[in-house]
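**Q** Provided below: coords.tsv, containing TSV, C-alpha atoms.
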```tsv
chain	number	residue	atom	x	y	z
T	27	MET	CA	131.66	132.65	123.39
T	28	THR	CA	129.09	134.62	121.39
T	29	THR	CA	126.64	133.15	118.89
T	30	GLU	CA	128.63	134.74	116.07
T	31	ALA	CA	131.81	133.11	117.33
T	32	LEU	CA	130.08	129.76	117.52
T	33	ALA	CA	128.94	130.12	113.94
T	34	MET	CA	132.45	131.07	112.79
T	35	SER	CA	133.96	128.07	114.57
T	36	ARG	CA	131.85	125.61	112.58
T	37	PRO	CA	133.18	124.01	109.39
T	38	ALA	CA	132.40	125.80	106.18
T	39	PHE	CA	128.92	124.95	105.01
T	40	GLY	CA	128.04	127.03	101.99
T	41	ARG	CA	125.52	127.36	99.22
T	42	ARG	CA	126.60	124.21	97.39
T	43	GLN	CA	126.08	122.05	100.45
T	44	VAL	CA	122.64	123.54	101.12
T	45	HIS	CA	121.64	123.04	97.50
T	46	ALA	CA	122.87	119.44	97.67
T	47	VAL	CA	120.65	118.72	100.69
T	48	ALA	CA	117.65	120.36	98.97
T	49	ALA	CA	118.28	118.45	95.73
T	50	CYS	CA	118.49	115.16	97.64
T	51	TYR	CA	115.18	115.87	99.33
T	52	PHE	CA	113.62	116.72	95.95
T	53	VAL	CA	114.64	113.47	94.24
T	54	ALA	CA	113.82	111.35	97.29
T	55	SER	CA	110.31	112.86	97.43
T	56	PHE	CA	109.35	111.79	93.93
T	57	ALA	CA	107.73	108.48	94.88
T	58	ALA	CA	106.36	109.77	98.20
T	59	LEU	CA	104.56	112.70	96.52
T	60	GLY	CA	104.11	111.53	92.94
T	61	LEU	CA	102.55	108.08	93.38
T	62	PRO	CA	99.76	108.52	95.99
T	63	PRO	CA	97.50	110.34	93.46
T	64	TYR	CA	97.59	107.06	91.49
T	65	PHE	CA	96.38	104.85	94.36
T	66	THR	CA	93.07	104.45	92.55
T	67	GLU	CA	95.02	102.70	89.77
T	68	ILE	CA	97.37	100.76	92.05
T	69	LEU	CA	94.88	99.25	94.49
T	70	PRO	CA	92.78	97.32	91.92
T	71	GLU	CA	95.96	95.39	91.02
T	72	LEU	CA	96.19	94.36	94.68
T	73	GLY	CA	92.61	93.13	95.06
T	74	ASP	CA	90.82	96.35	96.07
T	75	ARG	CA	88.86	96.65	92.84
T	76	ALA	CA	86.93	99.77	93.84
T	77	ALA	CA	89.99	101.37	95.48
T	78	ARG	CA	87.96	101.89	98.64
T	79	TRP	CA	91.09	102.07	100.77
T	80	ALA	CA	92.75	104.82	98.71
T	81	GLY	CA	91.79	107.63	101.10
T	82	VAL	CA	92.95	105.75	104.19
T	83	LEU	CA	96.24	104.63	102.66
T	84	TYR	CA	96.89	108.19	101.47
T	85	VAL	CA	97.42	109.31	105.08
T	86	VAL	CA	99.09	106.15	106.45
T	87	PRO	CA	102.69	107.37	105.83
T	88	THR	CA	101.79	110.77	107.26
T	89	VAL	CA	100.40	109.29	110.48
T	90	PHE	CA	103.41	107.09	111.13
T	91	SER	CA	105.84	109.83	110.13
T	92	ALA	CA	104.24	112.11	112.73
T	93	ILE	CA	104.66	109.42	115.39
T	94	ALA	CA	108.27	108.63	114.52
T	95	ALA	CA	109.66	112.11	113.71
T	96	PRO	CA	110.29	113.33	117.30
T	97	LEU	CA	112.11	110.09	118.18
T	98	TRP	CA	114.33	110.21	115.08
T	99	GLY	CA	115.08	113.88	115.81
T	100	ARG	CA	116.28	113.13	119.34
T	101	LEU	CA	118.38	110.22	118.07
T	102	ALA	CA	119.93	112.55	115.48
T	103	ASP	CA	121.00	114.94	118.24
T	104	ARG	CA	122.55	112.03	120.11
T	105	PHE	CA	124.19	109.98	117.34
T	106	GLY	CA	124.75	112.50	114.53
T	107	ARG	CA	122.49	114.39	112.11
T	108	LYS	CA	124.23	113.17	108.98
T	109	ARG	CA	123.96	109.56	110.10
T	110	LEU	CA	120.23	109.86	110.75
T	111	LEU	CA	119.68	111.72	107.48
T	112	LEU	CA	121.34	108.85	105.61
T	113	ARG	CA	119.13	106.46	107.58
T	114	ALA	CA	116.03	108.33	106.42
T	115	GLN	CA	117.04	108.12	102.75
T	116	LEU	CA	117.85	104.41	103.00
T	117	GLY	CA	114.61	103.80	104.88
T	118	LEU	CA	112.66	105.41	102.04
T	119	ALA	CA	114.48	103.26	99.49
T	120	LEU	CA	113.65	100.08	101.39
T	121	SER	CA	109.97	100.97	101.80
T	122	PHE	CA	109.66	101.89	98.10
T	123	LEU	CA	111.19	98.55	97.07
T	124	ILE	CA	108.71	96.65	99.25
T	125	ALA	CA	105.81	98.71	97.87
T	126	GLY	CA	106.91	98.12	94.28
T	127	TRP	CA	107.09	94.35	94.71
T	128	ALA	CA	104.08	93.96	97.02
T	129	ASP	CA	101.59	91.40	95.72
T	130	SER	CA	98.82	92.01	98.25
T	131	LEU	CA	97.04	94.90	99.86
T	132	THR	CA	98.46	93.87	103.24
T	133	MET	CA	102.06	93.98	101.99
T	134	PHE	CA	101.48	97.30	100.25
T	135	THR	CA	100.02	98.77	103.45
T	136	LEU	CA	103.02	97.50	105.42
T	137	ALA	CA	105.31	99.25	102.94
T	138	LEU	CA	103.46	102.55	103.50
T	139	VAL	CA	103.74	102.09	107.27
T	140	LEU	CA	107.49	101.55	106.89
T	141	GLN	CA	107.69	104.62	104.64
T	142	GLY	CA	106.29	106.72	107.47
T	143	ILE	CA	108.41	105.15	110.22
T	144	LEU	CA	111.72	104.83	108.36
T	145	GLY	CA	111.47	107.95	106.18
T	146	GLY	CA	111.13	111.43	107.59
T	147	THR	CA	113.64	112.94	105.17
T	148	PHE	CA	112.22	116.47	105.52
T	149	ALA	CA	112.66	116.65	109.30
T	150	ALA	CA	116.04	114.90	109.06
T	151	SER	CA	117.24	117.35	106.39
T	152	ASN	CA	116.08	120.35	108.41
T	153	GLY	CA	117.76	119.01	111.55
T	154	TYR	CA	120.99	118.57	109.61
T	155	LEU	CA	120.80	122.11	108.24
T	156	GLY	CA	119.90	123.44	111.69
T	157	ALA	CA	123.11	122.01	113.10
T	158	ALA	CA	125.21	123.61	110.36
T	159	LEU	CA	123.53	127.02	109.97
T	160	GLU	CA	121.73	129.63	112.03
T	161	GLY	CA	119.82	132.90	111.72
T	162	PRO	CA	119.08	134.23	108.21
T	163	HIS	CA	121.27	131.55	106.63
T	164	LEU	CA	119.14	128.82	108.22
T	165	SER	CA	115.82	130.47	107.40
T	166	LYS	CA	116.91	130.85	103.77
T	167	ALA	CA	117.91	127.18	103.67
T	168	LEU	CA	114.55	126.15	105.16
T	169	THR	CA	112.80	128.29	102.53
T	170	LEU	CA	114.77	126.45	99.84
T	171	MET	CA	113.79	123.10	101.38
T	172	GLN	CA	110.11	124.06	101.15
T	173	GLY	CA	110.75	124.97	97.52
T	174	SER	CA	112.06	121.45	96.95
T	175	ALA	CA	108.86	120.06	98.45
T	176	ARG	CA	106.69	122.32	96.26
T	177	ALA	CA	108.68	121.37	93.14
T	178	ALA	CA	108.31	117.66	93.86
T	179	LEU	CA	104.59	118.11	94.50
T	180	VAL	CA	104.20	119.82	91.11
T	181	PHE	CA	106.46	117.72	88.90
T	182	ALA	CA	106.41	114.23	90.42
T	183	PRO	CA	102.80	113.36	89.43
T	184	ILE	CA	103.54	114.57	85.90
T	185	VAL	CA	106.59	112.31	85.58
T	186	VAL	CA	104.72	109.34	87.03
T	187	GLY	CA	101.88	109.89	84.57
T	188	ALA	CA	104.31	110.15	81.67
T	189	LEU	CA	105.94	106.83	82.64
T	190	SER	CA	102.62	105.03	83.14
T	191	PRO	CA	102.22	103.79	79.52
T	192	TRP	CA	105.48	101.82	79.91
T	193	MET	CA	105.38	100.90	83.61
T	194	SER	CA	102.42	100.78	85.98
T	195	PRO	CA	102.48	103.26	88.90
T	196	HIS	CA	102.64	100.24	91.22
T	197	ARG	CA	105.93	99.01	89.77
T	198	GLN	CA	107.29	102.55	89.59
T	199	TYR	CA	107.71	102.41	93.36
T	200	ALA	CA	110.55	99.92	92.86
T	201	LEU	CA	112.10	102.00	90.07
T	202	LEU	CA	111.91	105.24	92.04
T	203	ALA	CA	113.62	103.56	95.01
T	204	LEU	CA	116.83	104.30	93.10
T	205	LEU	CA	116.35	108.01	93.78
T	206	PRO	CA	116.75	107.97	97.59
T	207	LEU	CA	119.65	105.55	97.12
T	208	ALA	CA	121.33	108.09	94.84
T	209	ALA	CA	120.55	110.83	97.35
T	210	ALA	CA	122.21	108.81	100.13
T	211	LEU	CA	125.38	108.46	98.05
T	212	LEU	CA	125.50	112.22	97.49
T	213	LEU	CA	124.81	113.02	101.14
T	214	ALA	CA	127.59	110.66	102.23
T	215	ALA	CA	130.08	113.16	100.78
T	216	LEU	CA	128.78	116.06	102.89
T	217	PRO	CA	130.37	117.01	106.24
T	218	GLU	CA	128.93	116.18	109.63
T	219	PRO	CA	127.98	119.47	111.34
T	220	ARG	CA	130.24	120.27	114.26
T	221	GLU	CA	128.80	119.27	117.62
T	222	THR	CA	128.43	122.15	120.08
T	223	THR	CA	130.08	121.33	123.40
T	224	GLU	CA	128.04	121.45	126.59
T	225	PRO	CA	129.66	124.67	127.94
T	226	GLU	CA	129.13	126.37	124.58
T	227	ARG	CA	125.50	125.24	124.49
T	228	GLU	CA	124.90	126.51	128.03
T	229	GLU	CA	126.43	129.90	127.19
T	230	THR	CA	124.38	130.13	123.99
T	231	VAL	CA	121.24	129.30	125.95
T	232	ALA	CA	122.10	131.97	128.52
T	233	LEU	CA	122.68	134.64	125.91
T	234	ASP	CA	120.49	133.99	122.92
T	235	VAL	CA	117.99	131.16	123.27
T	236	ALA	CA	114.49	131.76	121.93
T	237	PRO	CA	111.86	131.48	124.68
T	238	ALA	CA	109.74	128.35	125.07
T	239	ALA	CA	106.61	130.44	124.40
T	240	ALA	CA	107.94	131.22	120.91
T	241	LEU	CA	108.43	127.50	120.26
T	242	ARG	CA	104.86	126.71	121.33
T	243	ARG	CA	103.58	129.49	119.09
T	244	LEU	CA	105.58	128.06	116.18
T	245	TYR	CA	104.07	124.60	116.69
T	246	ALA	CA	100.53	126.02	116.87
T	247	LEU	CA	101.01	128.15	113.75
T	248	GLU	CA	102.53	125.22	111.86
T	249	PHE	CA	99.51	123.03	112.69
T	250	ALA	CA	97.03	125.75	111.68
T	251	PHE	CA	98.93	126.56	108.49
T	252	VAL	CA	99.16	122.97	107.30
T	253	PHE	CA	95.53	122.30	108.23
T	254	SER	CA	94.16	125.35	106.40
T	255	THR	CA	96.17	124.74	103.22
T	256	VAL	CA	96.19	120.94	102.95
T	257	ILE	CA	92.43	120.67	103.55
T	258	SER	CA	91.83	122.00	100.04
T	259	PHE	CA	94.07	119.42	98.32
T	260	PRO	CA	92.09	116.14	98.30
T	261	TYR	CA	88.88	117.42	96.75
T	262	LEU	CA	90.10	120.30	94.59
T	263	ILE	CA	89.77	118.26	91.39
T	264	SER	CA	86.15	117.44	92.30
T	265	LEU	CA	85.50	121.13	92.94
T	266	VAL	CA	86.96	122.10	89.56
T	267	GLU	CA	84.86	119.49	87.79
T	268	ASP	CA	81.78	120.76	89.63
T	269	ARG	CA	82.43	124.40	88.66
T	270	LEU	CA	83.85	123.78	85.17
T	271	PRO	CA	82.05	120.77	83.64
T	272	GLY	CA	84.15	119.17	80.96
T	273	ALA	CA	87.44	120.61	82.24
T	274	SER	CA	90.41	118.53	81.10
T	275	ALA	CA	92.66	116.69	83.51
T	276	ALA	CA	95.55	118.92	82.41
T	277	LEU	CA	93.61	122.07	83.33
T	278	SER	CA	92.62	120.62	86.70
T	279	GLY	CA	96.25	119.71	87.36
T	280	LEU	CA	97.43	123.20	86.43
T	281	LEU	CA	94.92	124.80	88.79
T	282	PHE	CA	96.09	122.44	91.54
T	283	ALA	CA	99.72	123.41	90.91
T	284	LEU	CA	99.29	127.20	90.73
T	285	PRO	CA	99.82	127.99	94.45
T	286	HIS	CA	102.95	125.83	94.53
T	287	LEU	CA	104.27	127.50	91.38
T	288	CYS	CA	103.75	130.85	93.11
T	289	TYR	CA	106.01	129.68	95.91
T	290	LEU	CA	108.70	128.47	93.53
T	291	LEU	CA	108.75	131.79	91.68
T	292	SER	CA	108.64	134.19	94.62
T	293	ALA	CA	109.81	132.50	97.85
T	294	MET	CA	113.34	133.92	97.90
T	295	THR	CA	112.12	137.43	97.13
T	296	VAL	CA	109.58	137.15	99.95
T	297	HIS	CA	112.30	135.87	102.29
T	298	ARG	CA	114.40	138.98	101.70
T	299	SER	CA	111.36	141.14	102.45
T	300	ILE	CA	110.16	139.54	105.70
T	301	ARG	CA	113.24	137.89	107.24
T	302	THR	CA	113.45	140.60	109.93
T	303	ARG	CA	109.66	140.86	110.47
T	304	PRO	CA	108.15	137.39	110.07
T	305	ARG	CA	105.01	137.83	112.18
T	306	PRO	CA	103.33	140.48	109.96
T	307	GLY	CA	104.20	138.32	106.95
T	308	ILE	CA	102.62	135.25	108.54
T	309	ALA	CA	99.50	137.20	109.53
T	310	THR	CA	99.16	138.55	105.99
T	311	GLY	CA	99.69	135.04	104.65
T	312	PHE	CA	96.87	133.61	106.76
T	313	ALA	CA	94.60	136.50	105.72
T	314	LEU	CA	95.29	135.81	102.02
T	315	ILE	CA	94.75	132.09	102.57
T	316	ALA	CA	91.39	132.84	104.21
T	317	LEU	CA	90.34	135.11	101.33
T	318	GLY	CA	91.60	132.68	98.71
T	319	LEU	CA	89.82	129.69	100.21
T	320	ALA	CA	86.62	131.68	100.70
T	321	GLY	CA	86.85	132.67	97.05
T	322	HIS	CA	86.90	128.99	96.10
T	323	GLY	CA	83.40	128.75	97.51
T	324	VAL	CA	81.98	131.23	94.97
T	325	ALA	CA	84.36	131.09	91.97
T	326	ASP	CA	82.51	129.48	89.06
T	327	THR	CA	84.50	130.60	86.01
T	328	LEU	CA	88.04	129.81	84.88
T	329	PRO	CA	89.37	133.38	85.43
T	330	ALA	CA	87.84	133.45	88.90
T	331	LEU	CA	89.37	130.08	89.81
T	332	ILE	CA	92.78	131.20	88.54
T	333	ALA	CA	92.50	134.39	90.61
T	334	VAL	CA	91.62	132.59	93.87
T	335	ARG	CA	94.33	129.98	93.30
T	336	LEU	CA	96.91	132.76	92.84
T	337	LEU	CA	95.60	134.49	95.96
T	338	LEU	CA	95.98	131.24	97.86
T	339	GLY	CA	99.50	130.90	96.43
T	340	ALA	CA	100.47	134.35	97.70
T	341	GLY	CA	99.21	133.44	101.17
T	342	LEU	CA	100.94	130.06	101.08
T	343	THR	CA	104.24	131.70	100.15
T	344	LEU	CA	104.08	134.40	102.84
T	345	GLY	CA	103.03	131.93	105.51
T	346	MET	CA	105.55	129.26	104.65
T	347	VAL	CA	108.49	131.65	104.39
T	348	GLY	CA	107.50	133.39	107.62
T	349	LEU	CA	107.30	130.06	109.43
T	350	SER	CA	110.78	129.18	108.14
T	351	VAL	CA	112.10	132.42	109.66
T	352	LEU	CA	110.37	131.66	112.97
T	353	ALA	CA	111.74	128.11	112.95
T	354	ALA	CA	115.27	129.39	112.42
T	355	ASP	CA	114.80	131.82	115.31
T	356	CYS	CA	113.47	129.07	117.61
T	357	ALA	CA	116.42	126.79	116.72
T	358	ARG	CA	118.86	129.12	118.51
T	359	GLY	CA	120.39	127.36	121.50
T	360	ARG	CA	118.37	124.18	120.94
T	361	ALA	CA	119.23	120.72	119.68
T	362	PRO	CA	117.96	121.02	116.10
T	363	GLY	CA	117.09	117.36	115.57
T	364	GLY	CA	114.62	117.24	118.41
T	365	MET	CA	113.11	120.64	117.56
T	366	PHE	CA	112.59	119.92	113.88
T	367	GLY	CA	111.34	116.42	114.67
T	368	SER	CA	108.69	117.91	116.95
T	369	LEU	CA	107.85	120.55	114.33
T	370	GLU	CA	107.36	117.76	111.81
T	371	PHE	CA	104.96	116.06	114.25
T	372	PHE	CA	102.71	119.12	114.36
T	373	SER	CA	102.95	119.55	110.59
T	374	LYS	CA	101.91	115.94	109.96
T	375	ALA	CA	99.21	116.16	112.62
T	376	GLY	CA	97.77	119.18	110.79
T	377	ALA	CA	97.81	117.25	107.50
T	378	VAL	CA	96.04	114.24	109.03
T	379	ALA	CA	93.42	116.44	110.70
T	380	ALA	CA	92.90	118.26	107.40
T	381	GLY	CA	92.44	115.01	105.48
T	382	VAL	CA	89.88	113.65	107.94
T	383	THR	CA	88.01	116.95	108.08
T	384	ALA	CA	88.01	117.26	104.29
T	385	ALA	CA	86.58	113.76	103.89
T	386	VAL	CA	83.84	114.31	106.46
T	387	GLY	CA	83.00	117.83	105.27
T	388	SER	CA	82.93	116.91	101.59
T	389	ALA	CA	80.72	113.88	102.20
T	390	ARG	CA	78.24	115.89	104.26
T	391	PHE	CA	78.22	119.31	102.59
T	392	GLY	CA	79.79	118.90	99.15
T	393	PRO	CA	83.20	119.62	97.55
T	394	ALA	CA	83.20	123.30	98.59
T	395	ALA	CA	83.08	122.46	102.31
T	396	PRO	CA	86.83	121.77	102.81
T	397	VAL	CA	87.96	125.11	101.38
T	398	LEU	CA	85.40	127.00	103.46
T	399	ILE	CA	86.45	125.20	106.66
T	400	GLY	CA	90.11	125.88	105.89
T	401	GLY	CA	89.33	129.53	105.21
T	402	GLY	CA	87.60	129.84	108.57
T	403	VAL	CA	90.56	128.35	110.43
T	404	ALA	CA	92.96	130.66	108.57
T	405	ALA	CA	90.85	133.71	109.41
T	406	LEU	CA	90.83	132.83	113.11
T	407	THR	CA	94.58	132.28	113.05
T	408	VAL	CA	95.16	135.81	111.73
T	409	PHE	CA	93.98	137.23	115.05
T	410	ALA	CA	96.01	134.72	117.09
T	411	THR	CA	99.13	135.62	115.07
T	412	LEU	CA	98.74	139.32	115.86
T	413	LEU	CA	98.53	138.79	119.62
T	414	PRO	CA	101.57	140.36	121.31
T	415	PRO	CA	104.24	137.84	122.33
T	416	ARG	CA	105.04	137.26	125.98
T	417	PRO	CA	108.06	139.13	127.32
T	418	ARG	CA	111.31	137.38	126.45
T	419	THR	CA	112.91	135.51	129.34
T	420	ARG	CA	116.62	135.98	129.99
T	421	TRP	CA	118.32	133.11	131.73
T	422	SER	CA	121.28	133.61	133.97
T	423	HIS	CA	123.61	131.33	135.90
```
Translate this structure into structure tokens?
**A**
Amino acid sequence: MTTEALAMSRPAFGRRQVHAVAACYFVASFAALGLPPYFTEILPELGDRAARWAGVLYVVPTVFSAIAAPLWGRLADRFGRKRLLLRAQLGLALSFLIAGWADSLTMFTLALVLQGILGGTFAASNGYLGAALEGPHLSKALTLMQGSARAALVFAPIVVGALSPWMSPHRQYALLALLPLAAALLLAALPEPRETTEPEREETVALDVAPAAALRRLYALEFAFVFSTVISFPYLISLVEDRLPGASAALSGLLFALPHLCYLLSAMTVHRSIRTRPRPGIATGFALIALGLAGHGVADTLPALIAVRLLLGAGLTLGMVGLSVLAADCARGRAPGGMFGSLEFFSKAGAVAAGVTAAVGSARFGPAAPVLIGGGVAALTVFATLLPPRPRTRWSH
């Protein structure tokens, strides 16, 4: 049975189902992405008056998500991707409820640990989509999922800030727990992707499986990409304040959001352009990221900062879309839960490494250090991306 025949034999899974999964991830991400910027306001209520633990707690869910994601992915392949996706949404809801009603720093920390262990909605959603789709359809769906993440990253802090006069960010955790619960109800109506039988999987592996070297390259590129982009996040506001004294919080927030807005506006157009040639797109993306981050080191006017943020956004979009295409290619002939769980591990590992490096670099060399370090890593990755791939291995029985 050919890959095309396998795809045709699966139950219909169209645009509405993909959009439903992406929408569920968007609403479930609101608390996870919108509330951590307010840790400096939450922690004093829990006894940490100077919010000294804000930086550590910021990465706690990421660390535990990285540890748990591969295990949840393998369990999804064994017990059903829809079932494990519902588990992830319900796990988020439980952890948000505990965080919202926590009355001590210890309980709040435990809630963040549970968020990392029980959540993992992004990897679970991608594993679910990977079981239902393949090829360009899967890469387009993964691009849409990244758009959901960018949208939540842009809009969630704004909504949390708007609600703050009526409800503290701490208690908003409990309120926003309703969102993953609503997402779980919507996902319950979606179909379970058809399981591929063992003979079909073996024939697919024999005919069309992506080589293991391509999977290792994907993991390495994912780590480098997340590291080089996320490293600029924690101290960007400090950098803006240093370069533009007196800049308003709204202006700083807009500058922070610009690269993500670039992705939202152009990702699907970029996908159509590079879906058959992802490697040049990824290499160009890393080059633009390197130039954009280097520009942060010298930009000292508002027009210059806008220009380098847009340049970074162009690189972020090319890199992220290209990695989605590579991920879809690597998913051929593989159990998607395990693959996307492992990919999430390398993504989270890159984010944790970026956060630690940013903290150390900023403390030692100032707020420009993280963007310069990230730019250097991106520049080195350009050359690694352009290295010719190893010859493709054909398996036979």
**Q** I need the residue nearest Leu277 of chain T from this list: T:Leu110, T:Ile315, T:Val186, T:Leu328. Use only C-alpha atoms for the distance.
**A**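 Closest candidate: T:Leu328.
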**Q** Excluding Leu287 of chain T and any residue of its chain fewer than 6 positions from it, enumerate the residues within 10 Å of it, using all atoms listed in the file, and give them as a ChimeraX atom specification.
**A** /T:173,176-177,179-180,280,293,336,339,343
**Q** Do you know which residues are at most 6 Å from segment 123-127 of chain T counting all atoms listed in the file, after dropping those on the same chain fewer than 6 positions away, and could you put them as a PyMOL selection string?
**A** chain T and resi 134+137+196-197+199-200+203
**Q** Can you write out as a tab-separated table which residues of segment 333-401 of chain T fall within 12 Å of segment 83-92 of chain T, alongside each residue's closest atom pair and its distance in Å to one decimal, counting all atoms listed in the file and ordering rows by chain and ascending residue number?
**A**
```
residue	atom	partner	partner_atom	distance
T:Phe366	CA	T:Ala92	CA	11.5
T:Gly367	CA	T:Ala92	CA	8.5
T:Ser368	CA	T:Ala92	CA	8.4
T:Leu369	CA	T:Ala92	CA	9.3
T:Glu370	CA	T:Ala92	CA	6.5
T:Phe371	CA	T:Ala92	CA	4.3
T:Phe372	CA	T:Ala92	CA	7.4
T:Ser373	CA	T:Ala92	CA	7.8
T:Lys374	CA	T:Ala92	CA	5.3
T:Ala375	CA	T:Ala92	CA	6.5
T:Gly376	CA	T:Ala92	CA	9.8
T:Ala377	CA	T:Thr88	CA	7.6
T:Val378	CA	T:Val85	CA	6.5
T:Ala379	CA	T:Val85	CA	9.9
T:Ala380	CA	T:Val85	CA	10.3
T:Gly381	CA	T:Val85	CA	7.6
T:Val382	CA	T:Val85	CA	9.2
T:Ala385	CA	T:Val85	CA	11.8
```
**Q** What is the distance between atom CA of Arg107 of chain T and atom CA of Glu248 of chain T, in Å to one decimal?
**A**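 Those two atoms sit 22.7 Å apart.
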